Amino acid sequence: MEGLVTTMQVAGDAFVALPMFPLFEIVHYVKSAMTARGDIGAKEFACKHPLSSLVSMLILTCGGTICSNLLLGLPLGEPLCNPIPLALASIMWFLVFFCPGDFVYGILSTFTPKATIVVLKDLRRLHQVSAGIRLALKLHPGAWLLAIAAGTARSSGGSLMVTVDRLMRGAPSARQHEFLKPSYHTKASFFAACALVAQEQGLLQGVLIIPRSVLMVALALAMIVGSLSILALGCRDPFSAVSAVLFHESDEAPSPAVGANTQKGSKAKKND
């Protein structure tokens, strides 16, 4: 048991010290470009309005920094201070959208590259959660609710900015956004932020004594297992069961026929 803990602590220390640039950041840019390209009508819009498409994709890329800075009162233009990430993200956008024969998009759409991107993206996501929490507690010591919000926003800002991306393309969808129906990764980032803040504030001392590096490895493994289960096995969001029990939430939407019959029935009752 001690050997396992030691191994996890060594792995955790290596994970915490792992540099995000360039590999993990490039994976993030690729994932953002694939998300933008996968939206309905995004390819046609990029062909007609390439500059708007590029700007909207860059907003997805920098969404985490923008959202967390908004919460912490920091400059929203911080991503513009370093042109190298913006240049790399622009290159990824061009390759995903305009590579001849859709060669890059076709390869990245297969299972193995998707799974690799998911794993590396989750590792980066947890790093962003930790960075957001550390920054929030540095600026506002003891503000643990703000730290949780900043960590979640920094890691899932791209998902939060999807609505802005669609508005820029003139294709808003009021029924699909993270506040209405959070994705698995946003929920996982939130719970990871709660765990890290609890450990940072010493709230786990009476329950579980665990180094931060070991906790990050455990959270990373749980996040990766959940993501790969959804991708490879088509499993449901693991948090949906909790939502169903607590809030009686149902993933099943009423069919158009049922909705039409309901409306007809209500009209008939009014006429009677």
# chains A, B, ... in the order shown; residues from 1 in each chain; ligands from 1
$ residues_around --residues "range 20-25 of chain A" --least-positions-apart "2" --cutoff "8 Å" --atoms "only C-alpha atoms" --output "number ranges by chain"
A: 18, 27-29, 85, 120-121, 124
$ residues_around --residues "range 101-105 of chain A" --least-positions-apart "5" --cutoff "8 Å" --atoms "only C-alpha atoms" --output "list of chain:residue names"
A:Met34, A:Leu95, A:Val96
$ select_by_dssp --residues "range 155-252 of chain A" --states "helix (DSSP H, G or I)" --output "ChimeraX atom specification"
/A:155-160,162-168,184-200,212-233,238-247
$ atom_distance --atom1 "CA of Leu219 in chain A" --atom2 "CA of Ala192 in chain A"
6.5 Å
$ atom_distance --atom1 "CA of Val16 in chain A" --atom2 "CA of Ala193 in chain A"
15.2 Å
$ residues_around --residues "range 82-84 of chain A" --least-positions-apart "2" --cutoff "12 Å" --atoms "only C-alpha atoms" --output "PyMOL selection string"
chain A and resi 21-22+25-26+58+62+77-80+86-91
$ write_last_selection --atoms "all heavy atoms" --output "mmCIF file, in the first residue's frame"
data_model
loop_
_atom_site.group_PDB
_atom_site.id
_atom_site.type_symbol
_atom_site.label_atom_id
_atom_site.label_comp_id
_atom_site.auth_asym_id
_atom_site.auth_seq_id
_atom_site.Cartn_x
_atom_site.Cartn_y
_atom_site.Cartn_z
ATOM 1 N N PHE A 21 3.060 23.802 -22.506
ATOM 2 C CA PHE A 21 3.444 24.260 -23.847
ATOM 3 C C PHE A 21 4.704 23.508 -24.276
ATOM 4 O O PHE A 21 5.626 23.341 -23.482
ATOM 5 C CB PHE A 21 3.703 25.770 -23.825
ATOM 6 C CG PHE A 21 3.879 26.387 -25.178
ATOM 7 C CD1 PHE A 21 2.773 26.790 -25.921
ATOM 8 C CD2 PHE A 21 5.134 26.539 -25.720
ATOM 9 C CE1 PHE A 21 2.933 27.352 -27.174
ATOM 10 C CE2 PHE A 21 5.306 27.095 -26.978
ATOM 11 C CZ PHE A 21 4.199 27.500 -27.698
ATOM 12 N N PRO A 22 4.740 23.012 -25.521
ATOM 13 C CA PRO A 22 3.771 23.252 -26.598
ATOM 14 C C PRO A 22 2.735 22.143 -26.805
ATOM 15 O O PRO A 22 1.693 22.381 -27.379
ATOM 16 C CB PRO A 22 4.670 23.345 -27.828
ATOM 17 C CG PRO A 22 5.788 22.397 -27.522
ATOM 18 C CD PRO A 22 6.005 22.454 -26.040
ATOM 19 N N GLU A 25 -0.916 22.505 -25.241
ATOM 20 C CA GLU A 25 -1.582 23.684 -25.794
ATOM 21 C C GLU A 25 -1.980 23.460 -27.249
ATOM 22 O O GLU A 25 -3.068 23.862 -27.673
ATOM 23 C CB GLU A 25 -0.672 24.908 -25.665
ATOM 24 C CG GLU A 25 -0.442 25.370 -24.238
ATOM 25 C CD GLU A 25 -1.740 25.772 -23.550
ATOM 26 O OE1 GLU A 25 -2.619 26.359 -24.206
ATOM 27 O OE2 GLU A 25 -1.878 25.480 -22.344
ATOM 28 N N ILE A 26 -1.115 22.823 -28.013
ATOM 29 C CA ILE A 26 -1.447 22.531 -29.409
ATOM 30 C C ILE A 26 -2.640 21.581 -29.490
ATOM 31 O O ILE A 26 -3.536 21.737 -30.342
ATOM 32 C CB ILE A 26 -0.221 21.946 -30.144
ATOM 33 C CG1 ILE A 26 0.845 23.028 -30.322
ATOM 34 C CG2 ILE A 26 -0.622 21.370 -31.510
ATOM 35 C CD1 ILE A 26 2.119 22.543 -30.963
ATOM 36 N N LEU A 58 -10.815 31.476 -32.238
ATOM 37 C CA LEU A 58 -9.858 31.990 -31.253
ATOM 38 C C LEU A 58 -10.554 32.318 -29.932
ATOM 39 O O LEU A 58 -9.964 32.186 -28.858
ATOM 40 C CB LEU A 58 -9.143 33.222 -31.801
ATOM 41 C CG LEU A 58 -8.177 32.971 -32.967
ATOM 42 C CD1 LEU A 58 -7.582 34.288 -33.455
ATOM 43 C CD2 LEU A 58 -7.063 32.015 -32.549
ATOM 44 N N CYS A 62 -9.414 30.817 -26.369
ATOM 45 C CA CYS A 62 -9.057 31.657 -25.217
ATOM 46 C C CYS A 62 -10.206 31.791 -24.221
ATOM 47 O O CYS A 62 -10.133 32.637 -23.310
ATOM 48 C CB CYS A 62 -8.636 33.049 -25.697
ATOM 49 S SG CYS A 62 -7.313 33.049 -26.920
ATOM 50 N N GLY A 77 -8.151 41.134 -22.273
ATOM 51 C CA GLY A 77 -7.276 41.047 -23.439
ATOM 52 C C GLY A 77 -5.957 40.346 -23.176
ATOM 53 O O GLY A 77 -5.061 40.398 -24.014
ATOM 54 N N GLU A 78 -5.846 39.661 -22.034
ATOM 55 C CA GLU A 78 -4.594 38.973 -21.704
ATOM 56 C C GLU A 78 -4.145 37.978 -22.774
ATOM 57 O O GLU A 78 -2.948 37.872 -23.062
ATOM 58 C CB GLU A 78 -4.730 38.263 -20.356
ATOM 59 C CG GLU A 78 -3.467 37.551 -19.904
ATOM 60 C CD GLU A 78 -3.661 36.787 -18.609
ATOM 61 O OE1 GLU A 78 -4.598 37.116 -17.851
ATOM 62 O OE2 GLU A 78 -2.877 35.856 -18.344
ATOM 63 N N PRO A 79 -5.058 37.219 -23.400
ATOM 64 C CA PRO A 79 -4.603 36.281 -24.440
ATOM 65 C C PRO A 79 -3.906 36.961 -25.619
ATOM 66 O O PRO A 79 -3.147 36.310 -26.347
ATOM 67 C CB PRO A 79 -5.908 35.602 -24.904
ATOM 68 C CG PRO A 79 -6.822 35.730 -23.736
ATOM 69 C CD PRO A 79 -6.488 37.051 -23.119
ATOM 70 N N LEU A 80 -4.155 38.257 -25.823
ATOM 71 C CA LEU A 80 -3.530 38.967 -26.946
ATOM 72 C C LEU A 80 -2.099 39.368 -26.657
ATOM 73 O O LEU A 80 -1.399 39.844 -27.561
ATOM 74 C CB LEU A 80 -4.350 40.223 -27.289
ATOM 75 C CG LEU A 80 -5.813 39.994 -27.679
ATOM 76 C CD1 LEU A 80 -6.505 41.316 -27.916
ATOM 77 C CD2 LEU A 80 -5.914 39.106 -28.911
ATOM 78 N N LEU A 86 -1.595 32.433 -30.411
ATOM 79 C CA LEU A 86 -2.604 32.824 -31.395
ATOM 80 C C LEU A 86 -2.207 32.368 -32.797
ATOM 81 O O LEU A 86 -3.057 31.923 -33.574
ATOM 82 C CB LEU A 86 -2.801 34.339 -31.370
ATOM 83 C CG LEU A 86 -3.360 34.934 -30.068
ATOM 84 C CD1 LEU A 86 -3.463 36.453 -30.191
ATOM 85 C CD2 LEU A 86 -4.725 34.340 -29.745
ATOM 86 N N ALA A 87 -0.907 32.458 -33.105
ATOM 87 C CA ALA A 87 -0.436 32.009 -34.418
ATOM 88 C C ALA A 87 -0.593 30.499 -34.563
ATOM 89 O O ALA A 87 -1.050 29.998 -35.608
ATOM 90 C CB ALA A 87 1.025 32.411 -34.610
ATOM 91 N N LEU A 88 -0.252 29.742 -33.521
ATOM 92 C CA LEU A 88 -0.404 28.289 -33.568
ATOM 93 C C LEU A 88 -1.872 27.889 -33.684
ATOM 94 O O LEU A 88 -2.224 26.972 -34.445
ATOM 95 C CB LEU A 88 0.209 27.653 -32.322
ATOM 96 C CG LEU A 88 1.743 27.677 -32.226
ATOM 97 C CD1 LEU A 88 2.189 27.146 -30.877
ATOM 98 C CD2 LEU A 88 2.363 26.858 -33.357
ATOM 99 N N ALA A 89 -2.739 28.578 -32.938
ATOM 100 C CA ALA A 89 -4.170 28.279 -33.027
ATOM 101 C C ALA A 89 -4.703 28.590 -34.423
ATOM 102 O O ALA A 89 -5.548 27.850 -34.953
ATOM 103 C CB ALA A 89 -4.928 29.096 -31.980
ATOM 104 N N SER A 90 -4.212 29.657 -35.042
ATOM 105 C CA SER A 90 -4.642 30.010 -36.406
ATOM 106 C C SER A 90 -4.206 28.946 -37.403
ATOM 107 O O SER A 90 -4.953 28.610 -38.332
ATOM 108 C CB SER A 90 -4.068 31.372 -36.791
ATOM 109 O OG SER A 90 -4.498 32.382 -35.899
ATOM 110 N N ILE A 91 -3.009 28.403 -37.207
ATOM 111 C CA ILE A 91 -2.522 27.335 -38.101
ATOM 112 C C ILE A 91 -3.403 26.091 -37.959
ATOM 113 O O ILE A 91 -3.771 25.454 -38.963
ATOM 114 C CB ILE A 91 -1.046 27.013 -37.791
ATOM 115 C CG1 ILE A 91 -0.157 28.196 -38.174
ATOM 116 C CG2 ILE A 91 -0.606 25.755 -38.540
ATOM 117 C CD1 ILE A 91 1.291 28.040 -37.732
#
$ atom_distance --atom1 "CA of Ser56 in chain A" --atom2 "CA of Asp165 in chain A"
5.0 Å
$ closest_atom_pairs --of "range 48-102 of chain A" --to "range 135-142 of chain A" --cutoff "10 Å" --atoms "only C-alpha atoms" --output "tab-separated table"
residue	atom	partner	partner_atom	distance
A:Ser68	CA	A:Ala136	CA	8.8
A:Asn69	CA	A:Ala136	CA	9.6
A:Leu71	CA	A:Ala136	CA	9.0
A:Leu72	CA	A:Ala136	CA	6.8
A:Gly73	CA	A:Leu139	CA	9.8
$ residues_around --residues "Phe179 in chain A" --least-positions-apart "6" --cutoff "12 Å" --atoms "only C-alpha atoms" --output "list of chain:residue names"
A:Ala153, A:Ser156, A:Gly157, A:Ser159, A:Leu160, A:Met161, A:Val162, A:Thr163, A:Thr186, A:Lys187
$ residues_around --residues "Arg37 in chain A" --least-positions-apart "2" --cutoff "10 Å" --atoms "only C-alpha atoms" --output "NGL selection string"
:A and (31-35 or 39-46 or 53 or 57 or 93 or 96-97 or 105)
$ write_last_selection --atoms "N, CA and C atoms" --output "PDB file, in the first residue's frame"
ATOM      1  N   LYS A  31      -8.368  20.685 -30.585  1.00  0.00           N
ATOM      2  CA  LYS A  31      -9.699  20.351 -30.070  1.00  0.00           C
ATOM      3  C   LYS A  31     -10.676  21.502 -30.282  1.00  0.00           C
ATOM      4  N   SER A  32     -10.216  22.738 -30.071  1.00  0.00           N
ATOM      5  CA  SER A  32     -11.079  23.902 -30.291  1.00  0.00           C
ATOM      6  C   SER A  32     -11.469  24.019 -31.761  1.00  0.00           C
ATOM      7  N   ALA A  33     -10.498  23.779 -32.651  1.00  0.00           N
ATOM      8  CA  ALA A  33     -10.794  23.841 -34.086  1.00  0.00           C
ATOM      9  C   ALA A  33     -11.766  22.742 -34.497  1.00  0.00           C
ATOM     10  N   MET A  34     -11.608  21.543 -33.925  1.00  0.00           N
ATOM     11  CA  MET A  34     -12.519  20.450 -34.241  1.00  0.00           C
ATOM     12  C   MET A  34     -13.920  20.741 -33.709  1.00  0.00           C
ATOM     13  N   THR A  35     -14.004  21.355 -32.536  1.00  0.00           N
ATOM     14  CA  THR A  35     -15.307  21.727 -31.986  1.00  0.00           C
ATOM     15  C   THR A  35     -15.996  22.747 -32.878  1.00  0.00           C
ATOM     16  N   ASP A  39     -19.614  22.016 -35.644  1.00  0.00           N
ATOM     17  CA  ASP A  39     -20.917  22.649 -35.518  1.00  0.00           C
ATOM     18  C   ASP A  39     -21.594  22.741 -36.884  1.00  0.00           C
ATOM     19  N   ILE A  40     -22.910  22.715 -36.880  1.00  0.00           N
ATOM     20  CA  ILE A  40     -23.673  22.717 -38.139  1.00  0.00           C
ATOM     21  C   ILE A  40     -23.440  24.030 -38.892  1.00  0.00           C
ATOM     22  N   GLY A  41     -23.065  23.915 -40.158  1.00  0.00           N
ATOM     23  CA  GLY A  41     -22.879  25.085 -41.005  1.00  0.00           C
ATOM     24  C   GLY A  41     -21.567  25.799 -40.808  1.00  0.00           C
ATOM     25  N   ALA A  42     -20.674  25.276 -39.957  1.00  0.00           N
ATOM     26  CA  ALA A  42     -19.414  25.973 -39.672  1.00  0.00           C
ATOM     27  C   ALA A  42     -18.482  25.973 -40.877  1.00  0.00           C
ATOM     28  N   LYS A  43     -18.429  24.878 -41.616  1.00  0.00           N
ATOM     29  CA  LYS A  43     -17.545  24.795 -42.783  1.00  0.00           C
ATOM     30  C   LYS A  43     -17.979  25.781 -43.860  1.00  0.00           C
ATOM     31  N   GLU A  44     -19.258  25.813 -44.168  1.00  0.00           N
ATOM     32  CA  GLU A  44     -19.767  26.737 -45.185  1.00  0.00           C
ATOM     33  C   GLU A  44     -19.544  28.186 -44.759  1.00  0.00           C
ATOM     34  N   PHE A  45     -19.741  28.471 -43.470  1.00  0.00           N
ATOM     35  CA  PHE A  45     -19.525  29.831 -42.981  1.00  0.00           C
ATOM     36  C   PHE A  45     -18.063  30.227 -43.104  1.00  0.00           C
ATOM     37  N   ALA A  46     -17.146  29.287 -42.817  1.00  0.00           N
ATOM     38  CA  ALA A  46     -15.714  29.582 -42.903  1.00  0.00           C
ATOM     39  C   ALA A  46     -15.294  29.878 -44.341  1.00  0.00           C
ATOM     40  N   SER A  53     -14.790  33.367 -38.960  1.00  0.00           N
ATOM     41  CA  SER A  53     -14.641  31.996 -38.481  1.00  0.00           C
ATOM     42  C   SER A  53     -13.382  31.860 -37.623  1.00  0.00           C
ATOM     43  N   MET A  57     -13.238  31.024 -33.578  1.00  0.00           N
ATOM     44  CA  MET A  57     -12.472  29.881 -33.078  1.00  0.00           C
ATOM     45  C   MET A  57     -11.440  30.318 -32.040  1.00  0.00           C
ATOM     46  N   TRP A  93      -6.493  26.021 -37.007  1.00  0.00           N
ATOM     47  CA  TRP A  93      -7.789  26.346 -37.613  1.00  0.00           C
ATOM     48  C   TRP A  93      -7.723  26.150 -39.129  1.00  0.00           C
ATOM     49  N   VAL A  96      -7.533  22.344 -40.042  1.00  0.00           N
ATOM     50  CA  VAL A  96      -8.781  21.619 -39.801  1.00  0.00           C
ATOM     51  C   VAL A  96      -9.860  22.021 -40.797  1.00  0.00           C
ATOM     52  N   PHE A  97      -9.908  23.298 -41.175  1.00  0.00           N
ATOM     53  CA  PHE A  97     -10.976  23.779 -42.047  1.00  0.00           C
ATOM     54  C   PHE A  97     -10.628  23.698 -43.536  1.00  0.00           C
ATOM     55  N   TYR A 105      -8.782  16.924 -41.054  1.00  0.00           N
ATOM     56  CA  TYR A 105     -10.060  16.713 -40.370  1.00  0.00           C
ATOM     57  C   TYR A 105     -10.472  15.251 -40.415  1.00  0.00           C
TER      58      TYR A 105
END
$ residues_around --residues "Leu196 in chain A" --least-positions-apart "6" --cutoff "8 Å" --atoms "only C-alpha atoms" --output "number ranges by chain"
A: 130, 133, 212, 215-216
$ closest_residue --among "A:Arg166, A:Cys99, A:Ala149, A:Ala14" --to "Val55 in chain A" --atoms "only C-alpha atoms"
A:Arg166
$ residues_around --residues "Gly12 in chain A" --least-positions-apart "4" --cutoff "6 Å" --atoms "only C-alpha atoms" --output "list in words"
Met8, Ser213, Val214 and Val217 of chain A
